[in-house]
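Here is the structure we will look at, set down as structure tokens.
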Amino acid sequence: MPFTTLTSRMVQAEVAPGRTLFSQRGAMLGYRGDVRFTPSITGGQGGVMGMIGRRIAGEATPLMTVEGQGTVMFGHGGHHVEVIDLAGDTLYVESDRLLAFDGSLRQGTMFMGSQGGVMGMVRGQVTGQGLFTTTLEGHGSAAVMAHGGVIQLPISTGRPVHVDPQAYVAHRGDVRNKLSTAIGWRDMVGRGSGEAFQLELSGSGTVYVQASEEKL
Amino acid sequence: MNGPVIHDAHTLPADDNINPYAFSVDLDGQWFLQKGKMVAYYGKIDFQGIGLGRLDRLIAGSFHSPLHAADWVVAEGRGKMVLADRAFDVNSYDLDDGNLTVRSGNLLAFEPSLALKQSIVPGFLTLIGTGKFVAASNGPVVFMEPPLRVDPQALVGWADCPSPCHHYDHAYLRGIVGGVRAHTGLGGTSGEEHQFEFVGAGTVLLQSTERMMDAIAVGETGGTGS
Amino acid sequence: MHKPLPPIVAAAAAITVPGAPIAPIAPCPSAWGTDNVGSVAQFRLQGSKVLAVDMSGDTVKAKNGAMVAYEGEMTFKKKSGGGEGLRGMVTRRLTGEQMAVMEVKGHGTCYFADRASEINLVSLHGEKLHVEAENLLCTDGALRTGTTFTGLRGSAQGNGLFTTTVEGTGQAAILSDGTAIVLRVTPQTPLQVDPGAYIAHTGNLQQHFQSGVTFRALIGESGGESFQIRFEGDGLVYVQPSERNTVGGDL
């Protein structure tokens with residue numbers, strides 16, 4: 001468990017040889033010891049060519065690799081920071097909400113559309129992001145940012161949870177997602193708007209929802 | 001957490017926090033106040049702009065920052081004054097023949113027994129003397145001891161230790177990554193190649209970064225998993 | 001100390017038993033001219049910034065779009081209502097627009113939040129709550145909401161001043177930027193409030209605008225006058241530790 005919560009908006013982590021971290025650019029608030037921050041051209045995976053390709057696509061900003069021996073404080077923009085521990089399972093998280101995570105976690109991207117049909121498309125519109133959501137898998141922890149902190153809502157069989165896409169932060173577990181809209185909701189927010197939809201999460205797991213309908 | 005407590009003119013704290021985001025000054029005399037930080041008050045209090053002739057002696061003794069004069073007023077009178085700043089955390093600090101340097105935007109108010117001067121570090125103000133002041137921070141302040149390097153954005157202030165110096169990450173500037181960046185413009189910056197370095201004995205005050213950055217897509221570097 | 005008129009429901013003391021059939025706060029839900037008799041929605045806070053409302057077929061009114069998640073079946077209906085308010089008056093944001101409100105009805109739990117604001121629960125027992133329209137998150141369907149014209153002397157604008165009122169018996173959730181402070185006004189201790197920090201009030205209060213600052217020495221400084229709202233009488237004023245929405249209140 002490398003992250004220690006200092007305040008609701010700051011976490012601290014130890015790095016040591018063999019124990020690196022990845023963090024978002026600009027997320028380091030302070031450090032002591034011999035710590036190096038390297039823009040991760042590979043992001044741990046992918047290689048330089050992959051990076052260049054993505055750069056041309058105008059999509060990726062590299063993560064930083066944080067390594068060495070010392071203590072690092074992370075935080076960003078005064079947002080609340082939630083530490084999520086993984087024990088072999090997978091976390092699905094909006095990429096710009098990732099503050100920092102364990103180097104031991106396997107990082108990937110998931111095309112949300114492949115799981116939820118049009119959902120990825122609409123989420124892309126709604127959130128201004130691509131169709132990809134980051135996945136983190138393995139044993140370790142991730143520090144995730146949210147506007148105003150998060151609540152966890154359990155998802156269980158027969159009890160799906162509907163989430164405003166703007167308030168959605170992350171989810172874990174055996175969860176299926178699709179778009180839905182509640183009766184009357186579309187009339188209220190306007191039919192053309194991407195906000196006309198909610199994310200319907202069903203199966204069994206947990207969804208993390210922030211206390212705000214504003215994107216970070 | 002208990003529900004909201006109901007305060008009145010008498011039960012409001014005297015020179016103490018009401019909650020993490022609001023501070024109550026028990027005024028009997030004068031305080032310096034940054035404009036826009038007073039949310040409510042009881043009693044008879046006047047607010048005078050800095051530079052008023054009558055306050056000349058007070059200003060001469062306690063306010064030495066012409067840069068900031070337009071942003072400050074003097075509150076004068078008797079009563080209880082509630083200070084707050086955009087729902088940031090606020091804290092009071094007591095100086096006993098000491099000095100503390102604080103980001104100018106974070107300073108809300110101070111007693112005239114303290115003297116305010118402009119720090120040599122741009123954007124910071126130094127308070128010298130004995131007395132109380134109130135400062136805001138984005139989230140609770142974290143106190144750290146040097147040696148320490150901090151992101152300038154995360155710095156609230158420092159006390160007792162020498163002023164910081166700049167630290168540049170040479171491994172980054174010179175290394176392979178730097179070379180690739182210099183030639184291709186690719187690779188961006190880590191955002192962490194420049195810090196303030198603190199050494200010596202003292203205390204450094206940190207907050208979560210104040211500047212709200214644009215949403216940055218990260219974590220998409222992996223292509224497919226693993 | 002004797003408890004004041006509107007009992008403030010503690011965050012943690014709010015009902016935490018999901019699906020509890022009886023609302024301990026509003027033992028006699030009255031019709032008050034609404035179509036909702038019998039069941040009462042259960043308001044509870046999840047943390048300090050998310051309001052969870054347990055519903056079994058009943059209705060609540062909520063700020064438009066403030067739903068962040070729900071379980072069960074919910075239907076939404078757009079309503080209009082509410083007005084500007086004291087703050088709007090002073091900050092010259094009068095656009096003639098009204099706050100949009102939605103009516104939520106269903107079985108299950110609906111979660112509301114608004115831009116990471118703190119949420120304060122207020123139980124009403126027949127009295128009237130005046131609240132800035134943009135600070136009203138959610139009200140029990142049994143409560144009547146409306147707009148009240150508040151006569152104001154000495155205001156800079158010729159426009160009338162309207163505040164949103166909530167009346168009846170039931171729960172309301174109001175928003176504040178940071179933890180709200182509740183300040184008592186008595187005839188002996190009037191209170192001055194920055195218009196940007198004002199959220200709500202209850203009781204028998206008169207409001208006046210006053211320009212409280214003398215920036216005589218600020219030569220060349222335009223707008224060297226700033227407004228405060230002065231409350232006199234008997235009642236409670238809710239203030240937020242923030243003044244970010246203010247234009248007029250300079251101090």
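Chain lettering (A, B, ...) mirrors the order of the structure tokens, residue numbering begins at 1 for each chain separately, and ligand numbering begins at 1 in order of display.
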Test item: residues at most 10 Å from B:Gly98, only C-alpha atoms, excluding those fewer than 3 positions along its chain, as a VMD selection string
chain B and resid 94 to 95 114 127 to 131 159 to 160
For N, CA and C atoms, I'd like the residues from the last selection saved as a PDB file, in the first residue's frame.
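And here's selection19.pdb as it stands now:
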```pdb
ATOM      1  N   ASP B  94       0.214  32.055  14.908  1.00  0.00           N
ATOM      2  CA  ASP B  94       0.732  32.998  15.895  1.00  0.00           C
ATOM      3  C   ASP B  94       2.229  33.109  15.736  1.00  0.00           C
ATOM      4  N   LEU B  95       2.695  34.312  15.600  1.00  0.00           N
ATOM      5  CA  LEU B  95       4.129  34.535  15.533  1.00  0.00           C
ATOM      6  C   LEU B  95       4.568  35.156  16.848  1.00  0.00           C
ATOM      7  N   LEU B 114       1.948  42.999  13.767  1.00  0.00           N
ATOM      8  CA  LEU B 114       2.879  42.399  12.814  1.00  0.00           C
ATOM      9  C   LEU B 114       3.191  43.419  11.721  1.00  0.00           C
ATOM     10  N   LEU B 127       5.697  38.270   7.018  1.00  0.00           N
ATOM     11  CA  LEU B 127       5.176  38.884   8.233  1.00  0.00           C
ATOM     12  C   LEU B 127       6.232  38.748   9.318  1.00  0.00           C
ATOM     13  N   ILE B 128       6.488  39.859   9.996  1.00  0.00           N
ATOM     14  CA  ILE B 128       7.552  39.882  10.994  1.00  0.00           C
ATOM     15  C   ILE B 128       6.990  40.462  12.281  1.00  0.00           C
ATOM     16  N   GLY B 129       7.374  39.839  13.408  1.00  0.00           N
ATOM     17  CA  GLY B 129       6.999  40.412  14.690  1.00  0.00           C
ATOM     18  C   GLY B 129       6.240  39.430  15.556  1.00  0.00           C
ATOM     19  N   THR B 130       5.352  39.962  16.379  1.00  0.00           N
ATOM     20  CA  THR B 130       4.565  39.145  17.295  1.00  0.00           C
ATOM     21  C   THR B 130       3.096  39.440  17.044  1.00  0.00           C
ATOM     22  N   GLY B 131       2.339  38.404  16.833  1.00  0.00           N
ATOM     23  CA  GLY B 131       0.914  38.615  16.583  1.00  0.00           C
ATOM     24  C   GLY B 131       0.320  37.482  15.783  1.00  0.00           C
ATOM     25  N   ALA B 159       8.533  29.151   7.267  1.00  0.00           N
ATOM     26  CA  ALA B 159       8.875  29.892   8.477  1.00  0.00           C
ATOM     27  C   ALA B 159      10.262  29.484   8.933  1.00  0.00           C
ATOM     28  N   ASP B 160      10.980  30.431   9.416  1.00  0.00           N
ATOM     29  CA  ASP B 160      12.269  30.252  10.084  1.00  0.00           C
ATOM     30  C   ASP B 160      13.408  29.843   9.160  1.00  0.00           C
TER      31      ASP B 160
END
```
Would you list the contacts of stretch 169-177 of chain C as an NGL selection string, taking every protein, DNA or RNA residue within 7 Å and counting only C-alpha atoms, but skipping same-chain residues closer than 3 positions in sequence?
(:B and (87)) or (:C and (26 or 29 or 117-126 or 135-140 or 142-143 or 180 or 240-242))
Keeping only N, CA and C atoms, take the residues you just selected and write them out as a CSV table (one decimal), in the first residue's frame.
```csv
chain,number,residue,atom,x,y,z
B,87,ALA,N,-14.2,29.2,0.2
B,87,ALA,CA,-14.4,27.9,0.8
B,87,ALA,C,-13.0,27.2,0.9
C,26,ALA,N,-40.8,14.4,10.4
C,26,ALA,CA,-42.1,15.0,10.0
C,26,ALA,C,-43.2,14.0,10.3
C,29,PRO,N,-47.2,14.3,8.1
C,29,PRO,CA,-47.1,14.9,6.8
C,29,PRO,C,-48.5,15.4,6.4
C,117,SER,N,-20.6,21.1,-3.7
C,117,SER,CA,-21.0,22.0,-2.6
C,117,SER,C,-21.4,21.2,-1.4
C,118,GLU,N,-21.2,21.8,-0.2
C,118,GLU,CA,-21.7,21.1,1.0
C,118,GLU,C,-23.2,21.2,1.0
C,119,ILE,N,-23.8,20.2,1.6
C,119,ILE,CA,-25.3,20.1,1.7
C,119,ILE,C,-25.7,20.2,3.2
C,120,ASN,N,-26.7,21.1,3.4
C,120,ASN,CA,-27.2,21.3,4.8
C,120,ASN,C,-28.7,20.9,4.8
C,121,LEU,N,-29.1,20.0,5.7
C,121,LEU,CA,-30.5,19.6,5.8
C,121,LEU,C,-31.2,20.6,6.8
C,122,VAL,N,-32.3,21.0,6.4
C,122,VAL,CA,-33.1,21.9,7.2
C,122,VAL,C,-34.5,21.3,7.4
C,123,SER,N,-35.0,21.1,8.6
C,123,SER,CA,-36.3,20.5,8.8
C,123,SER,C,-37.2,21.7,9.1
C,124,LEU,N,-38.3,21.7,8.4
C,124,LEU,CA,-39.3,22.8,8.6
C,124,LEU,C,-40.5,22.3,9.3
C,125,HIS,N,-41.0,23.0,10.3
C,125,HIS,CA,-42.2,22.7,11.0
C,125,HIS,C,-43.2,23.8,10.8
C,126,GLY,N,-43.6,24.1,9.6
C,126,GLY,CA,-44.6,25.1,9.4
C,126,GLY,C,-44.0,26.5,9.2
C,135,ASN,N,-29.1,28.1,-4.3
C,135,ASN,CA,-28.6,27.3,-3.2
C,135,ASN,C,-29.6,26.2,-2.8
C,136,LEU,N,-30.8,26.2,-3.4
C,136,LEU,CA,-31.8,25.2,-3.0
C,136,LEU,C,-31.6,23.9,-3.9
C,137,LEU,N,-31.2,22.8,-3.2
C,137,LEU,CA,-30.9,21.6,-3.9
C,137,LEU,C,-32.1,20.7,-4.1
C,138,CYS,N,-32.9,20.6,-3.0
C,138,CYS,CA,-34.0,19.6,-3.0
C,138,CYS,C,-34.9,19.9,-1.9
C,139,THR,N,-36.2,19.7,-2.2
C,139,THR,CA,-37.2,19.8,-1.1
C,139,THR,C,-38.2,18.7,-1.2
C,140,ASP,N,-38.7,18.3,0.0
C,140,ASP,CA,-39.7,17.3,0.1
C,140,ASP,C,-40.9,17.8,-0.7
C,142,ALA,N,-43.8,17.6,-0.1
C,142,ALA,CA,-44.9,18.2,0.8
C,142,ALA,C,-44.7,19.6,1.1
C,143,LEU,N,-43.5,20.1,0.8
C,143,LEU,CA,-43.2,21.5,1.0
C,143,LEU,C,-43.6,22.4,-0.1
C,180,ALA,N,-21.6,25.6,5.9
C,180,ALA,CA,-22.4,26.8,6.2
C,180,ALA,C,-22.3,27.1,7.7
C,240,GLN,N,-22.3,31.2,3.8
C,240,GLN,CA,-21.3,30.3,3.4
C,240,GLN,C,-19.9,30.9,3.5
C,241,PRO,N,-18.9,30.1,3.7
C,241,PRO,CA,-17.5,30.7,3.8
C,241,PRO,C,-16.9,31.0,2.5
C,242,SER,N,-17.6,31.7,1.7
C,242,SER,CA,-17.2,32.0,0.3
C,242,SER,C,-17.9,33.2,-0.2
```
Please identify all residues of chain A having at least one atom at most 12 Å from any atom of chain C, considering only C-alpha atoms, and return them as number ranges by chain.
A: 78-80, 146-156, 158-169, 180-190, 195-202, 207-216
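Of the listed residues A:Arg97, A:Arg19, A:Arg106, A:His171, the one whose atoms come nearest to chain B is A:Arg106, with distances taken using only C-alpha atoms.
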Mind listing as a ChimeraX atom specification which residues of chain B are within 6 Å of chain C, counting only C-alpha atoms?
/B:2-3,6-8,21-22,35-36,38-42,47-49,52,84-87
The selected residues should be written to file as a PDB file, in the first residue's frame (atoms: N, CA and C atoms).
```pdb
ATOM      1  N   ASN B   2     -21.093  16.939  13.603  1.00  0.00           N
ATOM      2  CA  ASN B   2     -22.390  17.374  14.088  1.00  0.00           C
ATOM      3  C   ASN B   2     -22.961  18.404  13.135  1.00  0.00           C
ATOM      4  N   GLY B   3     -24.240  18.558  13.200  1.00  0.00           N
ATOM      5  CA  GLY B   3     -24.905  19.492  12.308  1.00  0.00           C
ATOM      6  C   GLY B   3     -24.476  20.908  12.593  1.00  0.00           C
ATOM      7  N   ILE B   6     -25.523  26.797  15.841  1.00  0.00           N
ATOM      8  CA  ILE B   6     -26.010  28.167  15.653  1.00  0.00           C
ATOM      9  C   ILE B   6     -25.168  29.113  16.503  1.00  0.00           C
ATOM     10  N   HIS B   7     -24.575  30.082  15.831  1.00  0.00           N
ATOM     11  CA  HIS B   7     -23.732  31.048  16.525  1.00  0.00           C
ATOM     12  C   HIS B   7     -24.473  32.364  16.653  1.00  0.00           C
ATOM     13  N   ASP B   8     -24.125  33.125  17.693  1.00  0.00           N
ATOM     14  CA  ASP B   8     -24.595  34.496  17.751  1.00  0.00           C
ATOM     15  C   ASP B   8     -23.405  35.402  18.041  1.00  0.00           C
ATOM     16  N   TYR B  21     -13.320  26.359   7.334  1.00  0.00           N
ATOM     17  CA  TYR B  21     -13.330  27.324   6.242  1.00  0.00           C
ATOM     18  C   TYR B  21     -13.619  28.751   6.681  1.00  0.00           C
ATOM     19  N   ALA B  22     -13.839  28.962   7.951  1.00  0.00           N
ATOM     20  CA  ALA B  22     -14.206  30.304   8.402  1.00  0.00           C
ATOM     21  C   ALA B  22     -13.541  30.602   9.734  1.00  0.00           C
ATOM     22  N   LYS B  35      -9.299  42.744   0.891  1.00  0.00           N
ATOM     23  CA  LYS B  35     -10.657  43.013   0.408  1.00  0.00           C
ATOM     24  C   LYS B  35     -11.336  41.727  -0.037  1.00  0.00           C
ATOM     25  N   GLY B  36     -12.608  41.637   0.248  1.00  0.00           N
ATOM     26  CA  GLY B  36     -13.388  40.512  -0.243  1.00  0.00           C
ATOM     27  C   GLY B  36     -13.330  39.285   0.637  1.00  0.00           C
ATOM     28  N   MET B  38     -14.178  39.292   4.029  1.00  0.00           N
ATOM     29  CA  MET B  38     -15.068  39.397   5.178  1.00  0.00           C
ATOM     30  C   MET B  38     -16.445  38.958   4.703  1.00  0.00           C
ATOM     31  N   VAL B  39     -16.998  37.898   5.293  1.00  0.00           N
ATOM     32  CA  VAL B  39     -18.304  37.431   4.821  1.00  0.00           C
ATOM     33  C   VAL B  39     -19.461  37.908   5.701  1.00  0.00           C
ATOM     34  N   ALA B  40     -19.194  38.232   6.965  1.00  0.00           N
ATOM     35  CA  ALA B  40     -20.265  38.717   7.841  1.00  0.00           C
ATOM     36  C   ALA B  40     -19.643  39.350   9.069  1.00  0.00           C
ATOM     37  N   TYR B  41     -20.375  40.273   9.700  1.00  0.00           N
ATOM     38  CA  TYR B  41     -19.893  40.794  10.982  1.00  0.00           C
ATOM     39  C   TYR B  41     -21.031  41.296  11.853  1.00  0.00           C
ATOM     40  N   TYR B  42     -20.779  41.240  13.155  1.00  0.00           N
ATOM     41  CA  TYR B  42     -21.645  41.859  14.152  1.00  0.00           C
ATOM     42  C   TYR B  42     -20.893  43.067  14.705  1.00  0.00           C
ATOM     43  N   PHE B  47     -14.604  50.218   7.711  1.00  0.00           N
ATOM     44  CA  PHE B  47     -13.554  49.704   6.824  1.00  0.00           C
ATOM     45  C   PHE B  47     -12.958  50.866   6.053  1.00  0.00           C
ATOM     46  N   GLN B  48     -11.665  51.038   6.158  1.00  0.00           N
ATOM     47  CA  GLN B  48     -10.993  52.175   5.536  1.00  0.00           C
ATOM     48  C   GLN B  48      -9.952  51.673   4.552  1.00  0.00           C
ATOM     49  N   GLY B  49      -9.916  52.329   3.426  1.00  0.00           N
ATOM     50  CA  GLY B  49      -8.896  51.974   2.452  1.00  0.00           C
ATOM     51  C   GLY B  49      -7.507  52.325   2.951  1.00  0.00           C
ATOM     52  N   LEU B  52      -5.426  56.097   3.665  1.00  0.00           N
ATOM     53  CA  LEU B  52      -6.169  57.187   4.273  1.00  0.00           C
ATOM     54  C   LEU B  52      -5.251  57.935   5.239  1.00  0.00           C
ATOM     55  N   ALA B  84     -13.454  34.507   5.428  1.00  0.00           N
ATOM     56  CA  ALA B  84     -13.423  33.274   4.648  1.00  0.00           C
ATOM     57  C   ALA B  84     -12.957  33.622   3.250  1.00  0.00           C
ATOM     58  N   ASP B  85     -12.525  32.605   2.525  1.00  0.00           N
ATOM     59  CA  ASP B  85     -12.020  32.834   1.182  1.00  0.00           C
ATOM     60  C   ASP B  85     -12.375  31.655   0.281  1.00  0.00           C
ATOM     61  N   ARG B  86     -13.402  31.811  -0.514  1.00  0.00           N
ATOM     62  CA  ARG B  86     -13.799  30.843  -1.532  1.00  0.00           C
ATOM     63  C   ARG B  86     -13.834  29.406  -1.029  1.00  0.00           C
ATOM     64  N   ALA B  87     -14.243  29.246   0.200  1.00  0.00           N
ATOM     65  CA  ALA B  87     -14.364  27.916   0.806  1.00  0.00           C
ATOM     66  C   ALA B  87     -13.038  27.176   0.898  1.00  0.00           C
TER      67      ALA B  87
END
```
Counting only C-alpha atoms, what is within 7 Å of A:Gly75, bar same-chain residues fewer than 6 positions away, as an MDAnalysis selection string?
(chainID A and resid 9:11 27:29) or (chainID B and resid 208:209)
Take the residues from that selection and put them in a file with N, CA and C atoms, as a PDB file, in the first residue's frame.
```pdb
ATOM      1  N   ARG A   9      -6.871  16.005   0.148  1.00  0.00           N
ATOM      2  CA  ARG A   9      -6.434  16.382  -1.201  1.00  0.00           C
ATOM      3  C   ARG A   9      -4.981  16.069  -1.485  1.00  0.00           C
ATOM      4  N   MET A  10      -4.281  15.434  -0.568  1.00  0.00           N
ATOM      5  CA  MET A  10      -2.869  15.130  -0.776  1.00  0.00           C
ATOM      6  C   MET A  10      -2.559  13.718  -0.321  1.00  0.00           C
ATOM      7  N   VAL A  11      -1.775  13.011  -1.122  1.00  0.00           N
ATOM      8  CA  VAL A  11      -1.293  11.704  -0.700  1.00  0.00           C
ATOM      9  C   VAL A  11       0.230  11.699  -0.769  1.00  0.00           C
ATOM     10  N   ALA A  27       1.546  16.513 -11.102  1.00  0.00           N
ATOM     11  CA  ALA A  27       0.867  16.060  -9.892  1.00  0.00           C
ATOM     12  C   ALA A  27       1.768  16.076  -8.661  1.00  0.00           C
ATOM     13  N   MET A  28       3.086  16.224  -8.874  1.00  0.00           N
ATOM     14  CA  MET A  28       4.003  16.212  -7.741  1.00  0.00           C
ATOM     15  C   MET A  28       3.938  17.547  -7.015  1.00  0.00           C
ATOM     16  N   LEU A  29       3.711  17.482  -5.703  1.00  0.00           N
ATOM     17  CA  LEU A  29       3.671  18.719  -4.926  1.00  0.00           C
ATOM     18  C   LEU A  29       4.991  18.973  -4.221  1.00  0.00           C
TER      19      LEU A  29
ATOM     20  N   SER B 208      -2.420  21.536  -1.713  1.00  0.00           N
ATOM     21  CA  SER B 208      -2.628  20.958  -3.028  1.00  0.00           C
ATOM     22  C   SER B 208      -2.617  22.120  -4.027  1.00  0.00           C
ATOM     23  N   THR B 209      -2.097  21.864  -5.214  1.00  0.00           N
ATOM     24  CA  THR B 209      -1.871  22.934  -6.171  1.00  0.00           C
ATOM     25  C   THR B 209      -3.073  23.828  -6.331  1.00  0.00           C
TER      26      THR B 209
END
```
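Of the residues listed (A:Gly68, A:Thr4, A:Thr20, A:Gly77), A:Gly77 shows the shortest atom-to-atom separation from chain B; distances use only C-alpha atoms.
Proximity of B:Pro162, B:Gly105, B:Pro147, B:Gly29 to chain A, computed with only C-alpha atoms, is greatest for B:Pro147.
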Just want the 8 Å neighbourhood of B:Lys44, counted on only C-alpha atoms, with same-chain residues fewer than 2 positions away dropped. Output as a ChimeraX atom specification.
/B:42,46,77-79
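Rounded to one decimal, atom CA of B:Asp169 and atom CA of B:His194 lie 6.4 Å from each other.
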Using Å and a single decimal, report how far atom CA of B:Val82 sits from atom CA of B:His68.
21.8 Å
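Distance annotation: of C:Leu45, C:Lys128, C:Ala133, C:Gly141, the residue with the minimal separation from C:Asp58 is C:Gly141; atom set is only C-alpha atoms.
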So which residues of stretch 21-183 of chain B fall under helix (DSSP H, G or I) by DSSP, listed as a ChimeraX atom specification?
/B:53-62,66-71,104-106,152-154,170-174,176-183
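Of note, atom CA of A:Glu137 and atom CA of A:Ile84 are spaced 11.7 Å apart.
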Using only C-alpha atoms, which residues sit within 8 Å of stretch 196-204 of chain B once same-chain residues fewer than 3 positions away are excluded, as number ranges by chain?
B: 143-152, 155-167
Write a file of the selected residues as a PDB file, in the first residue's frame, keeping N, CA and C atoms.
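Writing done, so here's selection-v2.pdb:
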```pdb
ATOM      1  N   PHE B 143       2.474  20.439   6.954  1.00  0.00           N
ATOM      2  CA  PHE B 143       3.728  21.019   7.431  1.00  0.00           C
ATOM      3  C   PHE B 143       4.863  20.027   7.212  1.00  0.00           C
ATOM      4  N   MET B 144       5.940  20.487   6.614  1.00  0.00           N
ATOM      5  CA  MET B 144       7.065  19.617   6.292  1.00  0.00           C
ATOM      6  C   MET B 144       8.352  20.276   6.773  1.00  0.00           C
ATOM      7  N   GLU B 145       9.332  19.433   7.046  1.00  0.00           N
ATOM      8  CA  GLU B 145      10.625  19.979   7.426  1.00  0.00           C
ATOM      9  C   GLU B 145      11.629  19.797   6.308  1.00  0.00           C
ATOM     10  N   PRO B 146      12.505  20.782   6.096  1.00  0.00           N
ATOM     11  CA  PRO B 146      13.563  20.615   5.116  1.00  0.00           C
ATOM     12  C   PRO B 146      14.497  19.484   5.568  1.00  0.00           C
ATOM     13  N   PRO B 147      15.299  18.911   4.701  1.00  0.00           N
ATOM     14  CA  PRO B 147      15.431  19.250   3.279  1.00  0.00           C
ATOM     15  C   PRO B 147      14.245  18.760   2.459  1.00  0.00           C
ATOM     16  N   LEU B 148      13.851  19.561   1.501  1.00  0.00           N
ATOM     17  CA  LEU B 148      12.627  19.285   0.775  1.00  0.00           C
ATOM     18  C   LEU B 148      12.625  20.093  -0.514  1.00  0.00           C
ATOM     19  N   ARG B 149      12.111  19.506  -1.574  1.00  0.00           N
ATOM     20  CA  ARG B 149      11.902  20.259  -2.807  1.00  0.00           C
ATOM     21  C   ARG B 149      10.418  20.269  -3.107  1.00  0.00           C
ATOM     22  N   VAL B 150       9.878  21.419  -3.470  1.00  0.00           N
ATOM     23  CA  VAL B 150       8.435  21.499  -3.670  1.00  0.00           C
ATOM     24  C   VAL B 150       8.098  22.180  -4.982  1.00  0.00           C
ATOM     25  N   ASP B 151       6.969  21.787  -5.528  1.00  0.00           N
ATOM     26  CA  ASP B 151       6.403  22.445  -6.692  1.00  0.00           C
ATOM     27  C   ASP B 151       6.023  23.873  -6.279  1.00  0.00           C
ATOM     28  N   PRO B 152       6.506  24.891  -6.986  1.00  0.00           N
ATOM     29  CA  PRO B 152       6.183  26.267  -6.577  1.00  0.00           C
ATOM     30  C   PRO B 152       4.685  26.497  -6.406  1.00  0.00           C
ATOM     31  N   LEU B 155       3.352  25.588  -2.880  1.00  0.00           N
ATOM     32  CA  LEU B 155       3.942  26.237  -1.718  1.00  0.00           C
ATOM     33  C   LEU B 155       2.994  27.285  -1.133  1.00  0.00           C
ATOM     34  N   VAL B 156       2.645  27.118   0.138  1.00  0.00           N
ATOM     35  CA  VAL B 156       1.860  28.138   0.835  1.00  0.00           C
ATOM     36  C   VAL B 156       2.810  29.159   1.464  1.00  0.00           C
ATOM     37  N   GLY B 157       3.885  28.661   2.063  1.00  0.00           N
ATOM     38  CA  GLY B 157       4.828  29.565   2.698  1.00  0.00           C
ATOM     39  C   GLY B 157       5.877  28.796   3.466  1.00  0.00           C
ATOM     40  N   TRP B 158       6.699  29.547   4.204  1.00  0.00           N
ATOM     41  CA  TRP B 158       7.712  28.902   5.021  1.00  0.00           C
ATOM     42  C   TRP B 158       8.032  29.786   6.219  1.00  0.00           C
ATOM     43  N   ALA B 159       8.533  29.151   7.267  1.00  0.00           N
ATOM     44  CA  ALA B 159       8.875  29.892   8.477  1.00  0.00           C
ATOM     45  C   ALA B 159      10.262  29.484   8.933  1.00  0.00           C
ATOM     46  N   ASP B 160      10.980  30.431   9.416  1.00  0.00           N
ATOM     47  CA  ASP B 160      12.269  30.252  10.084  1.00  0.00           C
ATOM     48  C   ASP B 160      13.408  29.843   9.160  1.00  0.00           C
ATOM     49  N   CYS B 161      13.147  28.967   8.198  1.00  0.00           N
ATOM     50  CA  CYS B 161      14.262  28.504   7.382  1.00  0.00           C
ATOM     51  C   CYS B 161      14.631  29.574   6.350  1.00  0.00           C
ATOM     52  N   PRO B 162      15.810  29.463   5.767  1.00  0.00           N
ATOM     53  CA  PRO B 162      16.213  30.432   4.743  1.00  0.00           C
ATOM     54  C   PRO B 162      15.276  30.387   3.545  1.00  0.00           C
ATOM     55  N   SER B 163      15.225  31.465   2.800  1.00  0.00           N
ATOM     56  CA  SER B 163      14.419  31.496   1.586  1.00  0.00           C
ATOM     57  C   SER B 163      14.874  30.394   0.646  1.00  0.00           C
ATOM     58  N   PRO B 164      13.963  29.868  -0.159  1.00  0.00           N
ATOM     59  CA  PRO B 164      14.316  28.732  -1.007  1.00  0.00           C
ATOM     60  C   PRO B 164      15.172  29.149  -2.190  1.00  0.00           C
ATOM     61  N   CYS B 165      15.817  28.168  -2.794  1.00  0.00           N
ATOM     62  CA  CYS B 165      16.500  28.429  -4.052  1.00  0.00           C
ATOM     63  C   CYS B 165      15.842  27.564  -5.128  1.00  0.00           C
ATOM     64  N   HIS B 166      16.138  27.881  -6.376  1.00  0.00           N
ATOM     65  CA  HIS B 166      15.586  27.108  -7.481  1.00  0.00           C
ATOM     66  C   HIS B 166      16.365  25.819  -7.655  1.00  0.00           C
ATOM     67  N   HIS B 167      15.646  24.772  -7.968  1.00  0.00           N
ATOM     68  CA  HIS B 167      16.306  23.508  -8.276  1.00  0.00           C
ATOM     69  C   HIS B 167      15.821  23.039  -9.640  1.00  0.00           C
TER      70      HIS B 167
END
```
